[in-house]
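This is my_file_36.txt (compact mmCIF, C-alpha atoms).
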```txt
# COMPACT_ATOMS: atom_id res chain seq x y z
CA MET A 1 38.60 -13.13 -30.66
CA SER A 2 35.58 -11.20 -29.40
CA SER A 3 35.30 -7.56 -30.31
CA PRO A 4 35.10 -4.93 -27.51
CA SER A 5 31.45 -4.28 -28.29
CA THR A 6 30.67 -7.99 -28.03
CA VAL A 7 32.33 -8.18 -24.64
CA ALA A 8 30.71 -4.98 -23.37
CA LYS A 9 27.15 -6.00 -24.11
CA PRO A 10 27.00 -8.97 -21.70
CA ALA A 11 28.68 -6.82 -19.08
CA ASN A 12 26.02 -4.14 -19.45
CA ASP A 13 23.28 -6.78 -19.33
CA THR A 14 24.80 -8.13 -16.13
CA VAL A 15 24.83 -4.67 -14.55
CA ARG A 16 21.23 -4.05 -15.55
CA ALA A 17 20.23 -7.48 -14.19
CA ALA A 18 21.87 -6.72 -10.83
CA THR A 19 19.70 -5.54 -7.95
CA VAL A 20 20.70 -2.09 -6.66
CA TYR A 21 20.05 -2.60 -2.96
CA ALA A 22 21.21 0.85 -1.83
CA ILE A 23 18.52 2.52 -3.96
CA LEU A 24 15.91 -0.09 -3.01
CA PHE A 25 16.45 0.51 0.70
CA ALA A 26 16.50 4.28 0.18
CA ILE A 27 13.20 4.38 -1.72
CA SER A 28 11.73 1.88 0.76
CA SER A 29 12.63 4.23 3.62
CA VAL A 30 10.90 7.09 1.80
CA HIS A 31 7.89 4.80 1.30
CA LEU A 32 7.95 4.20 5.07
CA LEU A 33 7.91 7.94 5.77
CA ASN A 34 5.22 8.64 3.16
CA ASP A 35 2.86 5.97 4.48
CA ALA A 36 3.61 7.01 8.06
CA MET A 37 2.26 10.46 7.14
CA GLN A 38 -0.87 8.87 5.74
CA THR A 39 -1.14 6.82 8.92
CA VAL A 40 -1.00 10.02 10.99
CA VAL A 41 -4.46 10.78 9.62
CA VAL A 42 -5.83 7.38 10.68
CA ALA A 43 -3.97 7.49 14.00
CA LEU A 44 -5.73 10.78 14.80
CA PHE A 45 -9.23 9.31 14.40
CA PRO A 46 -9.76 8.85 18.18
CA ILE A 47 -8.42 12.37 18.78
CA PHE A 48 -10.70 13.91 16.14
CA GLU A 49 -13.67 11.97 17.54
CA GLU A 50 -13.03 13.61 20.90
CA SER A 51 -11.73 17.11 20.01
CA LEU A 52 -14.03 17.85 17.06
CA LYS A 53 -16.93 15.62 18.23
CA LEU A 54 -17.00 13.61 15.01
CA SER A 55 -19.35 10.72 14.32
CA TYR A 56 -18.27 7.35 12.88
CA GLY A 57 -19.75 8.50 9.58
CA GLN A 58 -17.55 11.61 9.53
CA ILE A 59 -14.51 9.51 10.39
CA GLY A 60 -15.44 7.32 7.43
CA TRP A 61 -15.51 10.41 5.20
CA ILE A 62 -12.00 11.39 6.34
CA ALA A 63 -10.72 7.91 5.44
CA PHE A 64 -12.61 8.11 2.14
CA THR A 65 -11.06 11.50 1.29
CA LEU A 66 -7.54 10.31 2.10
CA ASN A 67 -7.79 7.13 0.06
CA MET A 68 -9.78 8.53 -2.84
CA THR A 69 -7.51 11.56 -3.27
CA SER A 70 -4.41 9.40 -3.45
CA SER A 71 -6.14 6.50 -5.20
CA VAL A 72 -7.98 8.23 -8.03
CA MET A 73 -4.96 10.35 -8.84
CA GLN A 74 -2.45 7.48 -8.76
CA PRO A 75 -3.47 5.82 -12.06
CA VAL A 76 -3.64 9.28 -13.70
CA VAL A 77 -0.18 10.25 -12.42
CA GLY A 78 1.03 6.76 -13.35
CA MET A 79 -0.15 7.02 -16.96
CA LEU A 80 1.35 10.49 -17.39
CA SER A 81 4.66 9.56 -15.79
CA ASP A 82 4.89 6.40 -17.92
CA LYS A 83 5.13 8.78 -20.89
CA TRP A 84 7.04 11.59 -19.20
CA PRO A 85 8.90 10.37 -16.08
CA LYS A 86 9.83 13.28 -13.82
CA PRO A 87 12.23 12.43 -10.95
CA TRP A 88 11.72 15.87 -9.36
CA MET A 89 8.07 14.96 -8.70
CA LEU A 90 9.23 12.77 -5.79
CA PRO A 91 10.26 15.68 -3.52
CA VAL A 92 7.29 17.73 -4.75
CA GLY A 93 4.97 15.01 -3.45
CA MET A 94 6.70 15.13 -0.06
CA LEU A 95 6.27 18.91 0.13
CA CYS A 96 2.57 18.49 -0.56
CA SER A 97 2.27 15.97 2.28
CA MET A 98 4.20 18.32 4.57
CA ALA A 99 1.61 21.04 3.94
CA GLY A 100 -1.13 18.54 4.80
CA MET A 101 0.57 17.64 8.09
CA ALA A 102 0.71 21.30 9.07
CA GLY A 103 -2.98 21.68 8.30
CA LEU A 104 -3.96 18.64 10.38
CA ALA A 105 -2.27 20.11 13.43
CA VAL A 106 -4.28 23.34 13.39
CA ALA A 107 -7.58 22.49 11.59
CA PRO A 108 -10.38 23.92 13.78
CA ASN A 109 -13.28 22.22 12.02
CA PHE A 110 -14.29 19.30 9.82
CA ALA A 111 -14.07 21.23 6.52
CA LEU A 112 -10.47 22.39 7.01
CA LEU A 113 -9.60 18.93 8.28
CA ILE A 114 -10.82 17.45 5.00
CA LEU A 115 -8.79 20.01 3.01
CA SER A 116 -5.63 19.09 4.91
CA VAL A 117 -6.27 15.39 4.23
CA VAL A 118 -6.56 16.18 0.51
CA PHE A 119 -3.00 17.55 0.52
CA VAL A 120 -1.70 14.42 2.24
CA GLY A 121 -3.51 12.23 -0.30
CA LEU A 122 -2.17 14.20 -3.27
CA GLY A 123 1.37 13.87 -1.98
CA SER A 124 0.95 10.12 -1.78
CA ALA A 125 -0.59 9.98 -5.26
CA VAL A 126 2.48 11.66 -6.72
CA PHE A 127 4.95 9.53 -4.80
CA HIS A 128 3.71 5.98 -5.38
CA PRO A 129 3.91 5.67 -9.21
CA GLU A 130 7.33 7.32 -9.32
CA GLY A 131 8.51 5.23 -6.37
CA SER A 132 7.42 2.02 -8.09
CA ARG A 133 9.31 3.08 -11.21
CA VAL A 134 12.49 3.53 -9.17
CA VAL A 135 11.99 0.01 -7.77
CA HIS A 136 11.47 -1.34 -11.28
CA LEU A 137 14.76 0.18 -12.43
CA ALA A 138 16.68 -1.02 -9.37
CA ALA A 139 15.15 -4.51 -9.16
CA GLY A 140 17.28 -6.34 -11.71
CA ASN A 141 15.97 -9.90 -12.03
CA ARG A 142 14.48 -10.03 -8.52
CA ARG A 143 11.26 -8.15 -9.15
CA ALA A 144 8.91 -9.69 -6.58
CA PHE A 145 11.59 -9.61 -3.88
CA SER A 146 12.47 -5.99 -4.72
CA GLN A 147 8.82 -4.99 -4.69
CA SER A 148 8.46 -6.63 -1.28
CA ILE A 149 11.40 -4.58 0.07
CA TYR A 150 9.67 -1.43 -1.19
CA GLN A 151 6.29 -2.49 0.21
CA VAL A 152 7.77 -3.50 3.57
CA GLY A 153 8.74 0.14 4.00
CA GLY A 154 5.18 1.29 3.36
CA ASN A 155 3.63 -1.37 5.59
CA PHE A 156 6.06 -0.60 8.40
CA GLY A 157 5.14 3.07 8.10
CA GLN A 158 1.48 2.12 8.44
CA SER A 159 2.25 -0.03 11.47
CA LEU A 160 3.53 3.07 13.29
CA GLY A 161 -0.03 4.39 13.52
CA PRO A 162 -0.98 2.65 16.78
CA ILE A 163 2.35 3.65 18.37
CA MET A 164 1.86 7.29 17.34
CA THR A 165 -1.67 7.22 18.74
CA ALA A 166 -0.56 5.85 22.10
CA MET A 167 2.68 7.82 22.52
CA ILE A 168 2.09 11.11 20.68
CA PHE A 169 -1.52 11.92 19.86
CA ILE A 170 -3.25 10.83 23.06
CA PRO A 171 -0.78 12.86 25.19
CA LEU A 172 -0.40 15.83 22.79
CA GLY A 173 -3.73 15.84 21.01
CA GLN A 174 -4.33 17.17 17.49
CA ARG A 175 -1.30 19.46 17.52
CA GLY A 176 0.91 16.39 17.67
CA ALA A 177 0.30 16.04 13.92
CA ALA A 178 2.96 18.72 13.44
CA TRP A 179 5.53 15.99 14.06
CA GLY A 180 4.49 14.63 10.67
CA MET A 181 6.28 17.57 9.05
CA LEU A 182 9.55 16.10 10.33
CA LEU A 183 8.76 12.85 8.49
CA ALA A 184 8.41 14.79 5.22
CA ALA A 185 11.69 16.65 5.81
CA VAL A 186 13.60 13.40 6.37
CA ALA A 187 12.03 11.89 3.23
CA ILE A 188 13.15 14.86 1.12
CA ALA A 189 16.69 14.50 2.49
CA VAL A 190 16.79 10.80 1.46
CA LEU A 191 15.44 11.68 -1.99
CA PHE A 192 18.53 13.81 -2.64
CA LYS A 193 20.29 10.46 -3.10
CA VAL A 194 17.52 8.71 -5.05
CA VAL A 195 16.55 11.44 -7.54
CA PRO A 196 20.00 11.84 -9.20
CA TRP A 197 20.34 8.05 -9.60
CA TYR A 198 16.81 7.83 -11.03
CA ALA A 199 17.48 10.68 -13.49
CA LYS A 200 20.73 9.04 -14.61
CA ARG A 201 19.04 5.68 -15.25
CA LEU A 202 16.31 7.39 -17.28
CA ALA A 203 18.91 9.25 -19.33
CA GLU A 204 20.60 5.96 -20.17
CA HIS A 205 17.33 4.78 -21.70
CA GLY A 206 16.44 7.95 -23.58
CA GLY A 207 14.28 9.37 -20.80
CA GLN A 208 12.01 6.32 -20.57
CA VAL A 209 11.78 3.22 -18.39
CA PRO A 210 12.93 0.19 -20.46
CA LYS A 211 10.11 -2.13 -21.46
CA LYS A 212 10.25 -5.86 -20.97
CA LYS A 213 8.82 -7.87 -23.78
CA PRO A 214 5.64 -9.72 -22.82
CA ALA A 215 5.90 -13.47 -22.76
CA ALA A 216 4.36 -15.27 -25.68
CA ALA A 217 0.97 -16.82 -25.07
CA SER A 218 1.11 -20.53 -24.51
CA GLY A 219 -1.26 -23.41 -24.26
CA SER A 220 -0.21 -23.93 -20.63
CA GLY A 221 -2.25 -20.94 -19.51
CA GLY A 222 0.53 -18.33 -19.24
CA LEU A 223 -0.21 -14.62 -19.32
CA SER A 224 -1.40 -13.76 -22.81
CA ALA A 225 -1.08 -10.63 -24.88
CA ASN A 226 -4.76 -11.01 -25.75
CA ASN A 227 -6.48 -7.81 -24.59
CA ARG A 228 -9.64 -9.58 -23.50
CA ILE A 229 -7.73 -11.97 -21.24
CA ILE A 230 -5.69 -9.11 -19.79
CA ALA A 231 -8.85 -7.07 -19.10
CA LEU A 232 -10.50 -10.05 -17.38
CA ALA A 233 -7.38 -10.76 -15.32
CA LEU A 234 -7.11 -7.11 -14.24
CA SER A 235 -10.79 -7.05 -13.26
CA ILE A 236 -10.40 -10.14 -11.09
CA LEU A 237 -7.17 -8.83 -9.60
CA LEU A 238 -8.81 -5.51 -8.68
CA LEU A 239 -11.71 -7.30 -6.98
CA VAL A 240 -9.31 -9.44 -4.95
CA VAL A 241 -7.26 -6.39 -3.93
CA PHE A 242 -10.47 -4.53 -3.20
CA ALA A 243 -11.61 -7.24 -0.77
CA ARG A 244 -8.25 -7.17 1.00
CA SER A 245 -8.07 -3.37 1.18
CA TRP A 246 -11.69 -3.01 2.37
CA TYR A 247 -11.08 -5.53 5.14
CA GLY A 248 -7.78 -3.84 6.02
CA ALA A 249 -9.59 -0.46 6.16
CA ALA A 250 -12.18 -1.92 8.54
CA ILE A 251 -9.48 -3.20 10.89
CA GLY A 252 -7.26 -0.12 10.65
CA SER A 253 -10.01 2.48 10.98
CA PHE A 254 -12.62 0.89 13.23
CA TYR A 255 -11.31 -2.14 15.12
CA GLN A 256 -9.99 0.07 17.93
CA PHE A 257 -13.53 1.31 18.58
CA TYR A 258 -14.87 -2.27 18.36
CA ALA A 259 -12.28 -3.44 20.93
CA ARG A 260 -13.14 -0.54 23.22
CA ASP A 261 -16.88 -1.22 23.09
CA THR A 262 -16.70 -5.05 23.12
CA TYR A 263 -13.86 -5.76 25.53
CA GLY A 264 -14.11 -2.64 27.69
CA ILE A 265 -10.48 -1.60 27.11
CA THR A 266 -9.18 1.91 26.49
CA ILE A 267 -8.35 3.27 23.02
CA GLN A 268 -4.71 3.37 24.11
CA SER A 269 -4.77 -0.35 24.99
CA ALA A 270 -6.53 -1.18 21.72
CA GLN A 271 -3.49 0.13 19.84
CA ILE A 272 -1.58 -3.01 20.87
CA ILE A 273 -3.98 -5.19 18.88
CA LEU A 274 -3.75 -2.90 15.86
CA PHE A 275 0.03 -2.82 16.08
CA LEU A 276 0.21 -6.63 16.06
CA PHE A 277 -1.95 -6.77 12.92
CA MET A 278 0.22 -4.23 11.14
CA ILE A 279 3.72 -5.26 12.24
CA PHE A 280 3.08 -8.92 11.41
CA GLY A 281 1.75 -7.66 8.09
CA VAL A 282 5.18 -6.11 7.47
CA ALA A 283 6.83 -9.50 8.00
CA GLY A 284 4.24 -11.15 5.77
CA THR A 285 4.91 -8.68 2.97
CA PHE A 286 8.62 -9.48 3.02
CA PHE A 287 8.06 -13.24 3.19
CA GLY A 288 5.48 -13.13 0.40
CA GLY A 289 7.88 -11.43 -2.01
CA ILE A 290 10.53 -14.09 -1.43
CA MET A 291 8.07 -16.97 -1.83
CA ALA A 292 6.43 -15.50 -4.95
CA ASP A 293 9.74 -15.61 -6.82
CA ARG A 294 9.85 -19.35 -6.04
CA ILE A 295 6.28 -20.60 -6.32
CA GLY A 296 4.68 -17.93 -8.55
CA ARG A 297 2.57 -14.81 -8.08
CA LYS A 298 -0.86 -16.43 -8.43
CA LYS A 299 -0.18 -19.16 -5.88
CA MET A 300 1.11 -16.63 -3.37
CA MET A 301 -1.96 -14.42 -3.78
CA LEU A 302 -4.26 -17.42 -3.25
CA ILE A 303 -2.36 -18.49 -0.14
CA SER A 304 -2.53 -14.92 1.14
CA ILE A 305 -6.18 -14.02 0.95
CA LEU A 306 -7.74 -17.49 1.32
CA GLY A 307 -5.36 -18.38 4.12
CA ALA A 308 -6.49 -15.30 6.04
CA ALA A 309 -10.22 -16.05 5.60
CA PRO A 310 -10.64 -18.54 8.51
CA PHE A 311 -8.93 -16.13 10.92
CA ALA A 312 -11.08 -13.21 9.74
CA LEU A 313 -14.26 -15.26 10.21
CA VAL A 314 -13.39 -16.32 13.75
CA LEU A 315 -11.95 -12.99 15.00
CA PRO A 316 -15.27 -11.29 16.00
CA HIS A 317 -16.23 -14.31 18.15
CA LEU A 318 -13.03 -14.56 20.21
CA PRO A 319 -12.36 -13.45 23.80
CA LEU A 320 -9.78 -10.70 24.19
CA PHE A 321 -6.95 -13.11 25.09
CA TRP A 322 -7.20 -14.94 21.74
CA ALA A 323 -7.70 -11.79 19.68
CA TYR A 324 -4.00 -10.91 20.02
CA PRO A 325 -2.43 -14.03 18.43
CA VAL A 326 -5.19 -14.49 15.85
CA ILE A 327 -5.00 -10.93 14.50
CA ALA A 328 -1.19 -11.20 14.35
CA VAL A 329 -1.26 -14.43 12.29
CA MET A 330 -4.01 -13.02 10.08
CA GLY A 331 -2.01 -9.86 9.41
CA PHE A 332 1.01 -11.93 8.38
CA ILE A 333 -0.96 -14.10 5.95
CA LEU A 334 -3.19 -11.34 4.54
CA GLN A 335 -0.35 -8.96 3.66
CA SER A 336 1.92 -11.65 2.18
CA GLY A 337 0.21 -11.19 -1.18
CA PHE A 338 0.15 -7.42 -1.53
CA SER A 339 3.50 -6.69 -3.19
CA VAL A 340 2.94 -9.80 -5.32
CA SER A 341 -0.29 -8.27 -6.68
CA VAL A 342 1.64 -5.21 -7.89
CA VAL A 343 4.23 -7.33 -9.73
CA TYR A 344 1.49 -9.48 -11.27
CA ALA A 345 -0.23 -6.35 -12.58
CA GLN A 346 3.07 -5.03 -13.98
CA GLU A 347 3.52 -8.30 -15.87
CA LEU A 348 0.01 -7.99 -17.28
CA LEU A 349 0.87 -4.47 -18.50
CA PRO A 350 4.52 -4.59 -19.62
CA GLY A 351 6.06 -1.16 -20.07
CA LYS A 352 3.32 0.51 -18.01
CA VAL A 353 4.88 0.32 -14.56
CA GLY A 354 3.30 3.53 -13.25
CA MET A 355 -0.17 2.66 -14.49
CA ALA A 356 -0.03 -0.89 -13.08
CA SER A 357 1.19 0.40 -9.73
CA GLY A 358 -1.48 3.10 -9.73
CA LEU A 359 -4.22 0.57 -10.38
CA ILE A 360 -3.22 -1.75 -7.54
CA THR A 361 -1.94 0.63 -4.87
CA GLY A 362 -4.21 3.44 -6.00
CA LEU A 363 -7.52 2.71 -7.65
CA ALA A 364 -8.10 -0.55 -5.78
CA PHE A 365 -7.59 1.25 -2.47
CA GLY A 366 -9.98 3.91 -3.72
CA MET A 367 -12.58 1.19 -4.11
CA GLY A 368 -11.79 0.12 -0.58
CA ALA A 369 -12.14 3.71 0.58
CA LEU A 370 -15.83 3.54 -0.25
CA GLY A 371 -15.98 0.91 2.47
CA SER A 372 -14.86 3.41 5.08
CA VAL A 373 -17.91 5.59 4.38
CA VAL A 374 -20.31 2.65 4.21
CA LEU A 375 -18.92 1.00 7.33
CA GLY A 376 -18.80 4.25 9.29
CA ASN A 377 -22.45 5.05 8.58
CA MET A 378 -23.43 1.44 9.23
CA ALA A 379 -21.67 1.59 12.60
CA ASP A 380 -23.62 4.75 13.48
CA ALA A 381 -26.89 3.03 12.55
CA ARG A 382 -26.39 -0.58 13.68
CA GLY A 383 -23.34 -0.64 15.93
CA MET A 384 -19.70 -1.56 15.41
CA GLU A 385 -20.24 -5.24 16.24
CA SER A 386 -22.49 -5.78 13.21
CA VAL A 387 -19.87 -4.11 11.00
CA MET A 388 -17.09 -6.43 12.17
CA LEU A 389 -19.29 -9.47 11.64
CA LEU A 390 -20.09 -8.38 8.09
CA VAL A 391 -16.54 -7.58 6.97
CA SER A 392 -15.24 -10.92 8.29
CA PHE A 393 -16.64 -12.51 5.10
CA LEU A 394 -14.72 -10.20 2.73
CA PRO A 395 -11.58 -12.37 2.34
CA LEU A 396 -13.77 -15.09 0.80
CA ILE A 397 -13.91 -12.91 -2.32
CA GLY A 398 -10.35 -14.12 -2.80
CA LEU A 399 -11.80 -17.29 -4.34
CA LEU A 400 -12.00 -15.26 -7.56
CA ALA A 401 -8.20 -15.50 -7.80
CA LEU A 402 -8.64 -19.13 -8.88
CA TRP A 403 -9.65 -17.76 -12.31
CA LEU A 404 -6.55 -15.60 -12.77
CA PRO A 405 -4.26 -16.67 -15.65
CA LYS A 406 -1.11 -18.52 -14.65
CA ASP A 407 1.74 -16.06 -14.21
CA ARG A 408 5.24 -16.28 -15.60
CA ARG A 409 8.02 -16.57 -13.06
CA GLU A 410 11.27 -14.77 -13.76
CA SER A 411 14.60 -16.09 -12.53
```

Rewrite the structure of this file - the entire thing - as structure tokens.
Amino acid sequence: MSSPSTVAKPANDTVRAATVYAILFAISSVHLLNDAMQTVVVALFPIFEESLKLSYGQIGWIAFTLNMTSSVMQPVVGMLSDKWPKPWMLPVGMLCSMAGMAGLAVAPNFALLILSVVFVGLGSAVFHPEGSRVVHLAAGNRRAFSQSIYQVGGNFGQSLGPIMTAMIFIPLGQRGAAWGMLLAAVAIAVLFKVVPWYAKRLAEHGGQVPKKKPAAASGSGGLSANNRIIALALSILLLVVFARSWYGAAIGSFYQFYARDTYGITIQSAQIILFLFMIFGVAGTFFGGIMADRIGRKKMMLISILGAAPFALVLPHLPLFWAYPVIAVMGFILQSGFSVSVVYAQELLPGKVGMASGLITGLAFGMGALGSVVLGNMADARGMESVMLLVSFLPLIGLLALWLPKDRRES
């Protein structure tokens, strides 16, 4: 007859393998609100261009500040929180973003605008590594799917940008950014449910996130514990994510101006095209997480970025009528590999969930942020049309993913 301890162990393993959907949806909703606050900054670009008389180059610097502040800090916060996880940092990050929203609403000049953006970026830098750790603890055996639920929240928050531009910021102007403070308040309210659960799970594991043992290296090309292979794989992965994030930054920050100048439509009408790109990207993120658990992370990433390449190449040459369906399909395909990239990085760096998340959602986007400055200044010098033609080739960098090691799929 089995002893009580023998019976209890499988039961505990079953509980830990179960996916905690209530927490996943809660942290995903906070991710939505966090990224919606970041999107407020981007959504205000046309308003800042008009009210503060900013150039494309200055708009590029705002995007650069937002992404670099959150991006450079994310791996740092991730490494520190891998050693000393602090659940209370989640609401602290939201309070920081709330201060940034208040500053955006009243900033009278470019310098104070940049300072306000720094606060928004810092809030995001604090949230993302801790949020990914909550997902890791709640995921059970469905890691890619759980990561996609989390990422869908963030992508949906980003997709609200065009709607906020059309319905809030164009009618209300810069002061409409104060509505972003409400987003932070709702996020903090949701975190009152997440933080106690997170703290309890950490306490069960001695204050640390449990580490999964890395798979043994095999002759079939599986992920290896060899540091040189891991470093090479991470380098390739960052370049692939960089190409996707730089292209996404070009569409999100500048395509509305391209559509205005090329097709003769208003900024308000251009938001429809941006919204299609982003909302179909939300669906793609969710679909990609499901498929990655079935066909593997590497295959899904290849399908994502290489599948989007033909649509990116043809987009600048299309009449307005065809731009709508093409940008929607491209958004779906392009974003289907994002959450998968995070899980792949976490498998390369077992036990370093915060650092892996920081590298992919943080540092890689920081690399992409450089593109906002380069593209903005290029648009001032050579026109927005030349910028869109140039960035259409970026998804081809995804060919590098062919050299990524084969991943291990978890049931």

TODO: Pick out the closest residue to Val329 (chain A) from this set: A:Gly281, A:Gly60, A:Gly157, A:Gly383. Count all atoms listed in the file.
DONE: A:Gly281

Task: Which residue of A:Ala270, A:Ile327, A:Met181, A:Val194 approaches Phe254 (chain A) most closely, using only C-alpha atoms - done: A:Ala270

Open item on the list: Between CA of Ala111 (chain A) and CA of Ala381 (chain A), what is the distance in Å, rounded to a tenth?
Closed with: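 Separation between CA of Ala111 (chain A) and CA of Ala381 (chain A): 23.1 Å.
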
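Comparing A:Val152, A:Leu32, A:Leu172, A:Leu396 by their smallest distance to Ser51 (chain A), the closest is A:Leu172 (using all atoms listed in the file).
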
Open item on the list: Please compute the CA of Ser269 (chain A)-CA of Tyr324 (chain A) distance, one decimal, in Å.
Closed with: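 Rounded to one decimal, the two atoms are 11.7 Å apart.
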
TODO: Quick one: everything within 12 Å of Val387 (chain A), counting all atoms listed in the file, minus sequence neighbours fewer than 2 positions away in the same chain. Send it as a PyMOL selection string.
DONE: chain A and resi 56+246-247+249-251+253-255+257-258+316+371-385+389-394

- [ ] Tell me, in Å to one decimal, how far CA of Tyr344 (chain A) is from CA of Asn34 (chain A).
- [x] 23.5 Å

Could you pull the residues within 12 Å of Leu66 (chain A), counting all atoms listed in the file, minus those fewer than 5 positions along the same chain, as a PDB file with C-alpha atoms, in the coordinates of the input?
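Just written: around-v4.pdb:
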```pdb
ATOM      1  CA  ASP A  35       2.860   5.970   4.480  1.00  0.00           C
ATOM      2  CA  MET A  37       2.260  10.460   7.140  1.00  0.00           C
ATOM      3  CA  GLN A  38      -0.870   8.870   5.740  1.00  0.00           C
ATOM      4  CA  THR A  39      -1.140   6.820   8.920  1.00  0.00           C
ATOM      5  CA  VAL A  40      -1.000  10.020  10.990  1.00  0.00           C
ATOM      6  CA  VAL A  41      -4.460  10.780   9.620  1.00  0.00           C
ATOM      7  CA  VAL A  42      -5.830   7.380  10.680  1.00  0.00           C
ATOM      8  CA  ILE A  59     -14.510   9.510  10.390  1.00  0.00           C
ATOM      9  CA  GLY A  60     -15.440   7.320   7.430  1.00  0.00           C
ATOM     10  CA  TRP A  61     -15.510  10.410   5.200  1.00  0.00           C
ATOM     11  CA  SER A  71      -6.140   6.500  -5.200  1.00  0.00           C
ATOM     12  CA  VAL A  72      -7.980   8.230  -8.030  1.00  0.00           C
ATOM     13  CA  MET A  73      -4.960  10.350  -8.840  1.00  0.00           C
ATOM     14  CA  SER A  97       2.270  15.970   2.280  1.00  0.00           C
ATOM     15  CA  GLY A 100      -1.130  18.540   4.800  1.00  0.00           C
ATOM     16  CA  LEU A 113      -9.600  18.930   8.280  1.00  0.00           C
ATOM     17  CA  ILE A 114     -10.820  17.450   5.000  1.00  0.00           C
ATOM     18  CA  LEU A 115      -8.790  20.010   3.010  1.00  0.00           C
ATOM     19  CA  SER A 116      -5.630  19.090   4.910  1.00  0.00           C
ATOM     20  CA  VAL A 117      -6.270  15.390   4.230  1.00  0.00           C
ATOM     21  CA  VAL A 118      -6.560  16.180   0.510  1.00  0.00           C
ATOM     22  CA  PHE A 119      -3.000  17.550   0.520  1.00  0.00           C
ATOM     23  CA  VAL A 120      -1.700  14.420   2.240  1.00  0.00           C
ATOM     24  CA  GLY A 121      -3.510  12.230  -0.300  1.00  0.00           C
ATOM     25  CA  LEU A 122      -2.170  14.200  -3.270  1.00  0.00           C
ATOM     26  CA  GLY A 123       1.370  13.870  -1.980  1.00  0.00           C
ATOM     27  CA  SER A 124       0.950  10.120  -1.780  1.00  0.00           C
ATOM     28  CA  ALA A 125      -0.590   9.980  -5.260  1.00  0.00           C
ATOM     29  CA  ALA A 249      -9.590  -0.460   6.160  1.00  0.00           C
ATOM     30  CA  GLY A 362      -4.210   3.440  -6.000  1.00  0.00           C
ATOM     31  CA  PHE A 365      -7.590   1.250  -2.470  1.00  0.00           C
ATOM     32  CA  GLY A 366      -9.980   3.910  -3.720  1.00  0.00           C
ATOM     33  CA  GLY A 368     -11.790   0.120  -0.580  1.00  0.00           C
ATOM     34  CA  ALA A 369     -12.140   3.710   0.580  1.00  0.00           C
ATOM     35  CA  LEU A 370     -15.830   3.540  -0.250  1.00  0.00           C
ATOM     36  CA  SER A 372     -14.860   3.410   5.080  1.00  0.00           C
ATOM     37  CA  VAL A 373     -17.910   5.590   4.380  1.00  0.00           C
TER      38      VAL A 373
END
```

TODO: Up to 9 Å from (12.9, 2.9, 6.4) in the file's coordinates: name the residues, counting all atoms listed in the file, as a ChimeraX atom specification.
DONE: /A:25-33,152-154,156-157

Task: Which residue of A:Ala22, A:Ala138, A:Met79, A:Ile170 approaches Glu50 (chain A) most closely, using all atoms listed in the file - done: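 So, comparing all the options, the nearest one is A:Ile170.
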
Task: Which residue of A:Leu80, A:Ala184, A:Ile229, A:Leu44 approaches Cys96 (chain A) most closely, using all atoms listed in the file - done: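 Comparing A:Leu80, A:Ala184, A:Ile229, A:Leu44 against Cys96 (chain A), the winner is A:Ala184.
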
- [ ] Rank nothing, just name the residue among A:Arg133, A:Arg175, A:His317, A:Lys406 nearest to Ile295 (chain A), using all atoms listed in the file.
- [x] A:Lys406

Would you list the contacts of Val134 (chain A) as a tab-separated table (two decimals) with C-alpha atoms, in the coordinates of the input, taking every protein, DNA or RNA residue within 12 Å and counting all atoms listed in the file, but skipping same-chain residues closer than 6 positions in sequence?
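Saved to out_7.tsv:
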```tsv
chain	number	residue	atom	x	y	z
A	19	THR	CA	19.70	-5.54	-7.95
A	20	VAL	CA	20.70	-2.09	-6.66
A	21	TYR	CA	20.05	-2.60	-2.96
A	22	ALA	CA	21.21	0.85	-1.83
A	23	ILE	CA	18.52	2.52	-3.96
A	24	LEU	CA	15.91	-0.09	-3.01
A	25	PHE	CA	16.45	0.51	0.70
A	26	ALA	CA	16.50	4.28	0.18
A	27	ILE	CA	13.20	4.38	-1.72
A	28	SER	CA	11.73	1.88	0.76
A	30	VAL	CA	10.90	7.09	1.80
A	31	HIS	CA	7.89	4.80	1.30
A	81	SER	CA	4.66	9.56	-15.79
A	82	ASP	CA	4.89	6.40	-17.92
A	85	PRO	CA	8.90	10.37	-16.08
A	86	LYS	CA	9.83	13.28	-13.82
A	87	PRO	CA	12.23	12.43	-10.95
A	90	LEU	CA	9.23	12.77	-5.79
A	127	PHE	CA	4.95	9.53	-4.80
A	128	HIS	CA	3.71	5.98	-5.38
A	140	GLY	CA	17.28	-6.34	-11.71
A	143	ARG	CA	11.26	-8.15	-9.15
A	146	SER	CA	12.47	-5.99	-4.72
A	147	GLN	CA	8.82	-4.99	-4.69
A	150	TYR	CA	9.67	-1.43	-1.19
A	191	LEU	CA	15.44	11.68	-1.99
A	194	VAL	CA	17.52	8.71	-5.05
A	195	VAL	CA	16.55	11.44	-7.54
A	196	PRO	CA	20.00	11.84	-9.20
A	197	TRP	CA	20.34	8.05	-9.60
A	198	TYR	CA	16.81	7.83	-11.03
A	199	ALA	CA	17.48	10.68	-13.49
A	200	LYS	CA	20.73	9.04	-14.61
A	201	ARG	CA	19.04	5.68	-15.25
A	202	LEU	CA	16.31	7.39	-17.28
A	208	GLN	CA	12.01	6.32	-20.57
A	209	VAL	CA	11.78	3.22	-18.39
A	210	PRO	CA	12.93	0.19	-20.46
A	353	VAL	CA	4.88	0.32	-14.56
A	354	GLY	CA	3.30	3.53	-13.25
A	357	SER	CA	1.19	0.40	-9.73
```

Open item on the list: Using all atoms listed in the file and a cutoff of 8 Å, can you tell me which residues are near (4.6, -17.6, 5.2) in the file's coordinates, and write them out as a ChimeraX atom specification?
Closed with: /A:284,287-288,291,332-333,336
